[in-house]
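Asker: Could you have a look at this structure, given as structure tokens, before my questions?
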Amino acid sequence: MTSEHFDAVIVGAGFGGIGAAIQLKRMGIHDFVLLDREDDLGGTWYVNHYPGLAVDVPTTTYSYYFEPNPNWSRLFSTGAEIKQYADDVADKYDVRRHIRFNTTVEGARWDEEAKVWRVAIAGGDTMAARYLFTATGFLSQPKLPDIPGIGDFQGRIVHTADWDDDYDATGERVAIIGTGATAVQLIPELAAKAADLTVYQRTPIWVAPKIDLHFSERAKRLFARFPLTQRIIRAVTDNIYEAMITIGVVNYRVPLFRRLNISAMDLCKMNQFFWIRDRELRRRLTPDYDIGCKRPTFSNRYLRTFTKPHVHLQSDGIERVEADGIVNADGTRTAIDTLVLATGFDLWEANFPAIEVIGRDGRNLGKWWRETRFQAYQGVSMPYFPNYLSLASPYAFLGLNFFNTMEYQMRLMERLFNEVRRRNATTFEVTEAANDRYLERMTEMLAGSLWTIGNCASARSYYFNPSGEPSLLRPMSTREAIREASEFPLTDYQIA
Ligand code: NAP
């Protein structure tokens, strides 16, 4: 067993952890380590590699603000290209040598006397660090459905986050449970190979048309030579996505904006009508909650897949799984070879927080969130947790694009750490008053949002915590969040 000391420990080597590492280097902090339980970097873009994986945010927008990538092959790039981008950025900023793979962090405890975080690693090693960052992502703990008999299934069973690249569905009878963003991408790929595919849908999803573009070699050269050209496209895609959130969701109380939200649902219905002639099938695929209550999807392939004769939509539910098939709630039975679980991730139970974090006076973060309310000042800080930034927290995630979240978080780090250094201080900790004010403001802002006054009851969305509060997404524009992160009152933190 060893115990090492660092200026900072970052948990997670996905885009969040890599961004935090780059920011630390920019601030002159080089004595840090990134710990990741996987054997490669990239987080969700390393773990997920199911067929059809692609980003559902335009890649012009889906990149660090300081590191545009001229090499994207298309507007909605594949998962493999995004993983490559993670590798390229980590290499360019010399982050890789700070990463320790196959290292699972079990927990971290603040040592008030030594003013350090004591980090416990699986296997018994420990580390001490002045600063702790958790960049553990929002969707990193796969959720396995608790369906009667599922343990008795004798065929192949696979969660989408644990995909076997050697698996070939050709000629097989396949069932897939789930119709979220992952399933929308995977179902057309499975249908192209399987002899028979049954899709188990509990809650339908809104599917908008996907307006994708191929970037020619000439366009890539233009982006590389004149980065401004790519920045202009980014400004357009940023603003479209931003408008979707601020108009359609955050300011839903404004009657005109509500109308626009309805128009977005009309567009999805037209998309359905375009691909599917069967009225009853369209009805079964149509959600009864407002668009934006859960993450909508973009696809030109998903809906039409259900018109193929060997693809069946099963929306009555599952009674139980047996050794070689599924007994459906309508009494029928589906014999299968492979069961694919596109059942998503356990965000609220397993991710908030992803490791046990014990702060000052023994405050346990997970317990405190559950005993009070899920809360985090600026989406990163909690009182009683000195020298800690939790990058995957309540109110951390901005709208639809993770890189916007990363941008405000990096700017917040810069402002906060510059002040700590200016004062030659040892610790920072958000004050209880600032945290309370922030939570109150989030609650007030959410009151006029789609998530509070829209029709979200049947959405079963991970945007809502187990108490039904929409405390995941920050109800503000990227511009506002970046301004706040760059200008927040330094008195909101006790810096000593
Ligand atoms: P998800 O959105 O949480 O969807 C999980 C699906 O599984 C839902 O349809 C859910 O039904 C169903 N399900 C879960 N447990 C079930 C059970 N016991 N019985 C029946 N059905 C069950 O998960 P996801 O599709 O993996 O997507 C998660 C998020 O990842 C997305 O929202 C998106 O943010 C992100 N994502 C992004 C991309 C990208 O391109 N950037 C691609 C894929 C995913 P209910 O809705 O009824 O619970």
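Each chain in the structure tokens gets a letter, A, B, ..., in the order shown, and its residues are numbered from 1; ligands are numbered from 1 in order too.
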Given a cut-off of 6 Å, what residues near ligand 1 show up using only C-alpha atoms and all ligand atoms, put as an mmCIF file with all heavy atoms, in the first residue's frame?
Answerer:
```cif
data_model
loop_
_atom_site.group_PDB
_atom_site.id
_atom_site.type_symbol
_atom_site.label_atom_id
_atom_site.label_comp_id
_atom_site.auth_asym_id
_atom_site.auth_seq_id
_atom_site.Cartn_x
_atom_site.Cartn_y
_atom_site.Cartn_z
ATOM 1 N N ALA A 54 -23.188 7.907 -32.447
ATOM 2 C CA ALA A 54 -22.802 9.201 -33.016
ATOM 3 C C ALA A 54 -23.252 10.278 -32.045
ATOM 4 O O ALA A 54 -24.082 10.022 -31.172
ATOM 5 C CB ALA A 54 -23.461 9.401 -34.370
ATOM 6 N N VAL A 55 -22.699 11.451 -32.202
ATOM 7 C CA VAL A 55 -23.108 12.533 -31.313
ATOM 8 C C VAL A 55 -24.429 13.102 -31.835
ATOM 9 O O VAL A 55 -24.678 13.092 -33.034
ATOM 10 C CB VAL A 55 -22.005 13.606 -31.240
ATOM 11 C CG1 VAL A 55 -21.843 14.344 -32.548
ATOM 12 C CG2 VAL A 55 -22.260 14.579 -30.104
ATOM 13 N N ASP A 56 -25.294 13.569 -30.923
ATOM 14 C CA ASP A 56 -26.538 14.159 -31.406
ATOM 15 C C ASP A 56 -26.554 15.680 -31.225
ATOM 16 O O ASP A 56 -27.601 16.310 -31.236
ATOM 17 C CB ASP A 56 -27.774 13.481 -30.791
ATOM 18 C CG ASP A 56 -27.777 13.549 -29.285
ATOM 19 O OD1 ASP A 56 -26.908 14.243 -28.724
ATOM 20 O OD2 ASP A 56 -28.653 12.921 -28.660
ATOM 21 N N PRO A 145 -32.210 -3.411 -15.818
ATOM 22 C CA PRO A 145 -33.622 -3.450 -15.416
ATOM 23 C C PRO A 145 -33.905 -4.623 -14.480
ATOM 24 O O PRO A 145 -33.335 -5.706 -14.636
ATOM 25 C CB PRO A 145 -34.351 -3.631 -16.745
ATOM 26 C CG PRO A 145 -33.368 -4.277 -17.645
ATOM 27 C CD PRO A 145 -32.004 -3.844 -17.198
ATOM 28 N N ASP A 146 -34.777 -4.360 -13.545
ATOM 29 C CA ASP A 146 -35.135 -5.388 -12.565
ATOM 30 C C ASP A 146 -36.414 -6.080 -13.050
ATOM 31 O O ASP A 146 -37.502 -5.831 -12.558
ATOM 32 C CB ASP A 146 -35.353 -4.672 -11.221
ATOM 33 C CG ASP A 146 -35.560 -5.667 -10.108
ATOM 34 O OD1 ASP A 146 -35.247 -6.851 -10.319
ATOM 35 O OD2 ASP A 146 -36.055 -5.256 -9.042
ATOM 36 N N ILE A 177 -34.564 -3.674 -25.150
ATOM 37 C CA ILE A 177 -35.421 -2.976 -24.171
ATOM 38 C C ILE A 177 -34.942 -1.535 -24.087
ATOM 39 O O ILE A 177 -33.761 -1.280 -23.829
ATOM 40 C CB ILE A 177 -35.347 -3.637 -22.783
ATOM 41 C CG1 ILE A 177 -35.759 -5.107 -22.861
ATOM 42 C CG2 ILE A 177 -36.216 -2.877 -21.779
ATOM 43 C CD1 ILE A 177 -35.675 -5.855 -21.527
ATOM 44 N N GLY A 178 -35.861 -0.601 -24.296
ATOM 45 C CA GLY A 178 -35.515 0.812 -24.192
ATOM 46 C C GLY A 178 -35.634 1.511 -25.521
ATOM 47 O O GLY A 178 -35.339 0.932 -26.581
ATOM 48 N N THR A 179 -36.092 2.750 -25.462
ATOM 49 C CA THR A 179 -36.220 3.583 -26.663
ATOM 50 C C THR A 179 -35.733 5.001 -26.361
ATOM 51 O O THR A 179 -36.387 5.982 -26.710
ATOM 52 C CB THR A 179 -37.688 3.607 -27.164
ATOM 53 O OG1 THR A 179 -38.538 3.916 -26.055
ATOM 54 C CG2 THR A 179 -38.107 2.295 -27.773
ATOM 55 N N GLY A 180 -34.578 5.098 -25.686
ATOM 56 C CA GLY A 180 -33.951 6.397 -25.439
ATOM 57 C C GLY A 180 -33.003 6.738 -26.586
ATOM 58 O O GLY A 180 -33.006 6.085 -27.640
ATOM 59 N N ALA A 181 -32.157 7.732 -26.362
ATOM 60 C CA ALA A 181 -31.259 8.220 -27.423
ATOM 61 C C ALA A 181 -30.343 7.106 -27.928
ATOM 62 O O ALA A 181 -30.035 7.036 -29.119
ATOM 63 C CB ALA A 181 -30.433 9.387 -26.904
ATOM 64 N N THR A 182 -29.908 6.234 -27.037
ATOM 65 C CA THR A 182 -29.027 5.142 -27.438
ATOM 66 C C THR A 182 -29.760 4.184 -28.371
ATOM 67 O O THR A 182 -29.262 3.816 -29.444
ATOM 68 C CB THR A 182 -28.528 4.380 -26.188
ATOM 69 O OG1 THR A 182 -27.799 5.292 -25.373
ATOM 70 C CG2 THR A 182 -27.649 3.212 -26.553
ATOM 71 N N ALA A 183 -30.954 3.762 -27.949
ATOM 72 C CA ALA A 183 -31.722 2.806 -28.750
ATOM 73 C C ALA A 183 -32.059 3.390 -30.115
ATOM 74 O O ALA A 183 -32.047 2.673 -31.126
ATOM 75 C CB ALA A 183 -33.001 2.423 -28.009
ATOM 76 N N ARG A 202 -41.256 1.328 -23.356
ATOM 77 C CA ARG A 202 -42.121 1.684 -22.225
ATOM 78 C C ARG A 202 -42.646 3.103 -22.416
ATOM 79 O O ARG A 202 -43.825 3.366 -22.238
ATOM 80 C CB ARG A 202 -41.334 1.572 -20.916
ATOM 81 C CG ARG A 202 -42.182 1.750 -19.689
ATOM 82 C CD ARG A 202 -41.509 1.254 -18.449
ATOM 83 N NE ARG A 202 -40.331 2.039 -18.078
ATOM 84 C CZ ARG A 202 -39.536 1.748 -17.054
ATOM 85 N NH1 ARG A 202 -39.797 0.696 -16.294
ATOM 86 N NH2 ARG A 202 -38.506 2.503 -16.768
ATOM 87 N N THR A 203 -41.744 4.009 -22.806
ATOM 88 C CA THR A 203 -42.140 5.402 -23.011
ATOM 89 C C THR A 203 -41.629 5.833 -24.382
ATOM 90 O O THR A 203 -40.426 5.763 -24.640
ATOM 91 C CB THR A 203 -41.509 6.302 -21.926
ATOM 92 O OG1 THR A 203 -41.777 5.738 -20.642
ATOM 93 C CG2 THR A 203 -42.042 7.716 -21.988
ATOM 94 N N ARG A 295 -34.695 14.201 -22.985
ATOM 95 C CA ARG A 295 -33.882 14.594 -24.125
ATOM 96 C C ARG A 295 -34.478 14.070 -25.435
ATOM 97 O O ARG A 295 -34.613 12.855 -25.618
ATOM 98 C CB ARG A 295 -32.471 14.068 -23.935
ATOM 99 C CG ARG A 295 -31.514 14.613 -24.946
ATOM 100 C CD ARG A 295 -30.118 14.265 -24.569
ATOM 101 N NE ARG A 295 -29.228 14.599 -25.660
ATOM 102 C CZ ARG A 295 -28.273 15.527 -25.582
ATOM 103 N NH1 ARG A 295 -28.087 16.186 -24.471
ATOM 104 N NH2 ARG A 295 -27.505 15.777 -26.603
ATOM 105 N N ALA A 342 -30.930 -1.426 -23.650
ATOM 106 C CA ALA A 342 -30.631 -0.008 -23.915
ATOM 107 C C ALA A 342 -31.352 0.785 -22.827
ATOM 108 O O ALA A 342 -32.122 1.705 -23.104
ATOM 109 C CB ALA A 342 -31.110 0.371 -25.310
ATOM 110 N N THR A 343 -31.109 0.365 -21.592
ATOM 111 C CA THR A 343 -31.911 0.848 -20.459
ATOM 112 C C THR A 343 -31.282 2.031 -19.728
ATOM 113 O O THR A 343 -31.738 2.400 -18.653
ATOM 114 C CB THR A 343 -32.162 -0.318 -19.480
ATOM 115 O OG1 THR A 343 -30.946 -1.067 -19.307
ATOM 116 C CG2 THR A 343 -33.228 -1.246 -20.018
ATOM 117 N N GLY A 344 -30.249 2.610 -20.316
ATOM 118 C CA GLY A 344 -29.750 3.867 -19.796
ATOM 119 C C GLY A 344 -28.873 3.751 -18.561
ATOM 120 O O GLY A 344 -28.229 2.712 -18.330
ATOM 121 N N PHE A 345 -28.895 4.813 -17.780
ATOM 122 C CA PHE A 345 -27.923 4.953 -16.703
ATOM 123 C C PHE A 345 -28.615 5.385 -15.416
ATOM 124 O O PHE A 345 -29.647 6.038 -15.441
ATOM 125 C CB PHE A 345 -26.863 5.981 -17.131
ATOM 126 C CG PHE A 345 -26.149 5.540 -18.375
ATOM 127 C CD1 PHE A 345 -26.670 5.830 -19.635
ATOM 128 C CD2 PHE A 345 -25.002 4.774 -18.300
ATOM 129 C CE1 PHE A 345 -26.051 5.382 -20.792
ATOM 130 C CE2 PHE A 345 -24.372 4.314 -19.446
ATOM 131 C CZ PHE A 345 -24.892 4.628 -20.687
ATOM 132 N N ARG A 460 -40.903 10.123 -17.548
ATOM 133 C CA ARG A 460 -39.908 9.258 -16.888
ATOM 134 C C ARG A 460 -38.492 9.713 -17.234
ATOM 135 O O ARG A 460 -37.672 8.929 -17.703
ATOM 136 C CB ARG A 460 -40.040 7.809 -17.353
ATOM 137 C CG ARG A 460 -41.184 7.057 -16.748
ATOM 138 C CD ARG A 460 -41.118 5.655 -17.343
ATOM 139 N NE ARG A 460 -42.171 4.816 -16.851
ATOM 140 C CZ ARG A 460 -42.055 4.021 -15.796
ATOM 141 N NH1 ARG A 460 -40.946 3.958 -15.090
ATOM 142 N NH2 ARG A 460 -43.065 3.262 -15.422
#
```
Asker: Show me, as a short mmCIF file (atom, residue, chain, number, x, y, z; two decimals) with N, CA, C and O atoms, in the first residue's frame, the residues that have an atom within 7 Å of Asn251 of chain A when counting only C-alpha atoms, minus same-chain residues fewer than 5 positions from it.
Answerer:
```cif
data_model
loop_
_atom_site.label_atom_id
_atom_site.label_comp_id
_atom_site.auth_asym_id
_atom_site.auth_seq_id
_atom_site.Cartn_x
_atom_site.Cartn_y
_atom_site.Cartn_z
N THR A 246 -33.33 27.73 -24.35
CA THR A 246 -33.80 28.94 -23.67
C THR A 246 -35.24 29.29 -24.07
O THR A 246 -36.03 29.70 -23.24
N PHE A 257 -43.43 31.32 -26.70
CA PHE A 257 -42.42 30.26 -26.65
C PHE A 257 -43.08 28.89 -26.49
O PHE A 257 -42.61 27.89 -27.01
N GLY A 448 -40.71 28.86 -13.95
CA GLY A 448 -41.33 29.22 -15.23
C GLY A 448 -40.89 28.32 -16.37
O GLY A 448 -41.14 28.61 -17.54
N SER A 449 -40.22 27.24 -16.04
CA SER A 449 -39.68 26.39 -17.10
C SER A 449 -40.65 25.28 -17.49
O SER A 449 -41.57 24.94 -16.74
#
```
Asker: List the neighbours of Leu446 of chain A out to 12 Å using only C-alpha atoms; skip same-chain residues closer than 4 positions along the sequence, and give me the result as a VMD selection string.
Answerer: chain A and resid 246 249 to 253 395 439 to 442 450 to 454 464 469 to 476
Asker: Name the residues of segment 79-178 of chain A that fall into helix (DSSP H, G or I) according to DSSP on the backbone, using the chain letters and numbers of this document, as a PyMOL selection string.
Answerer: chain A and resi 79-92+96-98+150-152+160-162
Asker: At a cut-off of 9 Å, using only C-alpha atoms, what residues contact segment 275-292 of chain A? Leave out same-chain residues fewer than 2 positions from it and give the result as a PyMOL selection string.
Answerer: chain A and resi 201+203-206+244-245+248-249+261-262+264-265+269-273+294-296+300-301+303-307+313+315+450-451+454-459
Asker: Rank nothing, just name the residue among A:Leu365, A:Ala8, A:Leu222, A:Val95 nearest to Trp117 of chain A, using only C-alpha atoms.
Answerer: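 Checking each of A:Leu365, A:Ala8, A:Leu222, A:Val95 against Trp117 of chain A, counting only C-alpha atoms, the winner is A:Ala8.
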Asker: In terms of the shortest atom-to-atom distance over only C-alpha atoms, which of A:Cys268, A:Leu35, A:Ile247, A:Val357 is closest to Arg118 of chain A?
Answerer: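 Of A:Cys268, A:Leu35, A:Ile247, A:Val357, the one nearest Arg118 of chain A is A:Val357, counting only C-alpha atoms.
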Asker: Using only C-alpha atoms, which of A:Asp324, A:Ile358, A:Arg411, A:Glu349 sits nearest Asp152 of chain A?
Answerer: A:Asp324
Asker: Return the single residue from A:Thr427, A:Ser486, A:Thr334, A:Asn435 that is closest to Phe374 of chain A, with distances computed using only C-alpha atoms.
Answerer: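 Ranking A:Thr427, A:Ser486, A:Thr334, A:Asn435 by distance to Phe374 of chain A, first place goes to A:Asn435.
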Asker: As an MDAnalysis selection string, which residues of segment 177-399 of chain A does DSSP assign to strand (DSSP E)?
Answerer: chainID A and resid 177 196:200 207:208 297:298 311:314 318:322 325:328 333:335 338:341 356:358 388:390 397:398
Asker: Residues near Leu391 of chain A, anyone? I mean within 9 Å using only C-alpha atoms, not counting same-chain ones fewer than 6 positions away, as a list in words.
Answerer: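 Contacts, in chain order: Gly16, Gly17, Ala20, Phe133, Thr134, Ala135, Thr136, Gly137, Gly379, Val380, Ser381, Phe397, Thr405, Met406 and Gln409 of chain A.
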Asker: I need the residues from that last selection saved to file as a CSV table (one decimal), in the first residue's frame (with all heavy atoms), if you can.
Answerer:
```
chain,number,residue,atom,x,y,z
A,16,GLY,N,-14.6,16.0,-19.2
A,16,GLY,CA,-14.6,16.8,-18.0
A,16,GLY,C,-13.3,16.8,-17.3
A,16,GLY,O,-12.7,17.9,-17.0
A,17,GLY,N,-12.7,15.7,-17.1
A,17,GLY,CA,-11.4,15.6,-16.4
A,17,GLY,C,-10.3,16.1,-17.2
A,17,GLY,O,-9.4,16.8,-16.7
A,20,ALA,N,-10.5,19.9,-17.0
A,20,ALA,CA,-10.0,20.4,-15.7
A,20,ALA,C,-8.4,20.3,-15.7
A,20,ALA,O,-7.8,21.2,-15.2
A,20,ALA,CB,-10.6,19.5,-14.6
A,133,PHE,N,-11.1,17.2,-7.6
A,133,PHE,CA,-12.1,17.4,-8.7
A,133,PHE,C,-12.8,16.1,-9.0
A,133,PHE,O,-12.0,15.1,-9.2
A,133,PHE,CB,-11.4,17.9,-10.0
A,133,PHE,CG,-10.7,19.2,-9.8
A,133,PHE,CD1,-9.4,19.3,-9.3
A,133,PHE,CD2,-11.4,20.4,-10.2
A,133,PHE,CE1,-8.8,20.5,-9.2
A,133,PHE,CE2,-10.7,21.6,-10.1
A,133,PHE,CZ,-9.4,21.7,-9.5
A,134,THR,N,-14.1,16.0,-9.0
A,134,THR,CA,-14.7,14.8,-9.5
A,134,THR,C,-15.4,15.1,-10.9
A,134,THR,O,-16.2,16.0,-11.0
A,134,THR,CB,-15.7,14.2,-8.5
A,134,THR,OG1,-16.5,15.3,-8.0
A,134,THR,CG2,-15.1,13.5,-7.4
A,135,ALA,N,-14.9,14.4,-11.9
A,135,ALA,CA,-15.4,14.6,-13.3
A,135,ALA,C,-15.9,13.3,-13.7
A,135,ALA,O,-15.4,12.7,-14.7
A,135,ALA,CB,-14.3,15.1,-14.2
A,136,THR,N,-16.9,12.8,-13.0
A,136,THR,CA,-17.3,11.4,-13.1
A,136,THR,C,-18.5,11.3,-14.1
A,136,THR,O,-19.1,10.2,-14.2
A,136,THR,CB,-17.7,10.8,-11.7
A,136,THR,OG1,-18.4,11.9,-11.0
A,136,THR,CG2,-16.5,10.5,-11.0
A,137,GLY,N,-18.9,12.3,-14.7
A,137,GLY,CA,-19.9,12.3,-15.7
A,137,GLY,C,-21.3,12.1,-15.1
A,137,GLY,O,-21.5,11.9,-13.9
A,379,GLY,N,-23.2,24.9,-9.8
A,379,GLY,CA,-23.1,23.6,-10.3
A,379,GLY,C,-21.8,22.9,-9.9
A,379,GLY,O,-21.5,21.8,-10.5
A,380,VAL,N,-21.0,23.4,-9.0
A,380,VAL,CA,-19.7,22.8,-8.7
A,380,VAL,C,-19.4,22.8,-7.2
A,380,VAL,O,-18.5,21.9,-6.8
A,380,VAL,CB,-18.5,23.5,-9.4
A,380,VAL,CG1,-18.6,23.2,-10.9
A,380,VAL,CG2,-18.5,25.0,-9.1
A,381,SER,N,-19.9,23.7,-6.4
A,381,SER,CA,-19.5,23.8,-5.0
A,381,SER,C,-20.6,23.6,-4.0
A,381,SER,O,-21.7,24.0,-4.2
A,381,SER,CB,-18.9,25.2,-4.8
A,381,SER,OG,-17.7,25.3,-5.4
A,397,PHE,N,-25.2,20.8,-15.5
A,397,PHE,CA,-25.3,20.6,-16.9
A,397,PHE,C,-26.1,21.7,-17.6
A,397,PHE,O,-27.2,22.0,-17.2
A,397,PHE,CB,-25.9,19.2,-17.2
A,397,PHE,CG,-25.7,18.7,-18.6
A,397,PHE,CD1,-24.5,18.1,-18.9
A,397,PHE,CD2,-26.6,18.9,-19.6
A,397,PHE,CE1,-24.2,17.7,-20.2
A,397,PHE,CE2,-26.4,18.4,-20.9
A,397,PHE,CZ,-25.2,17.9,-21.2
A,405,THR,N,-20.9,23.3,-20.7
A,405,THR,CA,-20.8,23.1,-19.3
A,405,THR,C,-19.3,23.2,-18.9
A,405,THR,O,-18.9,23.9,-18.0
A,405,THR,CB,-21.3,21.7,-18.9
A,405,THR,OG1,-22.7,21.6,-19.3
A,405,THR,CG2,-21.1,21.4,-17.4
A,406,MET,N,-18.5,22.5,-19.8
A,406,MET,CA,-17.0,22.5,-19.5
A,406,MET,C,-16.4,24.0,-19.6
A,406,MET,O,-15.6,24.3,-18.8
A,406,MET,CB,-16.3,21.6,-20.6
A,406,MET,CG,-15.1,21.0,-20.1
A,406,MET,SD,-15.2,20.2,-18.6
A,406,MET,CE,-14.0,20.9,-17.6
A,409,GLN,N,-17.2,25.9,-16.5
A,409,GLN,CA,-16.5,25.3,-15.3
A,409,GLN,C,-15.0,25.7,-15.4
A,409,GLN,O,-14.4,26.0,-14.4
A,409,GLN,CB,-16.7,23.8,-15.3
A,409,GLN,CG,-18.1,23.4,-15.0
A,409,GLN,CD,-18.4,22.0,-14.8
A,409,GLN,OE1,-17.6,21.1,-15.2
A,409,GLN,NE2,-19.5,21.7,-14.1
```
Asker: List as a list of chain:residue names the protein and nucleic acid residues near Phe403 of chain A, meaning an atom at most 9 Å away when only C-alpha atoms are counted, but skip any in the same chain fewer than 2 places from it.
Answerer: A:Phe15, A:Gly16, A:Thr61, A:Tyr62, A:Ser63, A:Tyr64, A:Tyr65, A:Leu398, A:Asn401, A:Thr405, A:Met406, A:Glu407, A:Tyr408
Asker: Looking at only C-alpha atoms, which of A:Val174, A:Val254, A:His49, A:Gly399 is the one that sits closest to Cys293 of chain A?
Answerer: A:Gly399
Asker: If you count only C-alpha atoms, which residues fall within 10 Å of Phe6 of chain A, apart from same-chain ones fewer than 5 positions away, as an MDAnalysis selection string?
Answerer: chainID A and resid 30:33 116:117 127:132
Asker: Taking only C-alpha atoms into account, name the residue in A:Ile233, A:Val11, A:Ala323, A:Met382 that is nearest to Asp492 of chain A.
Answerer: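 Answer, going by the shortest atom-to-atom distance: A:Met382.
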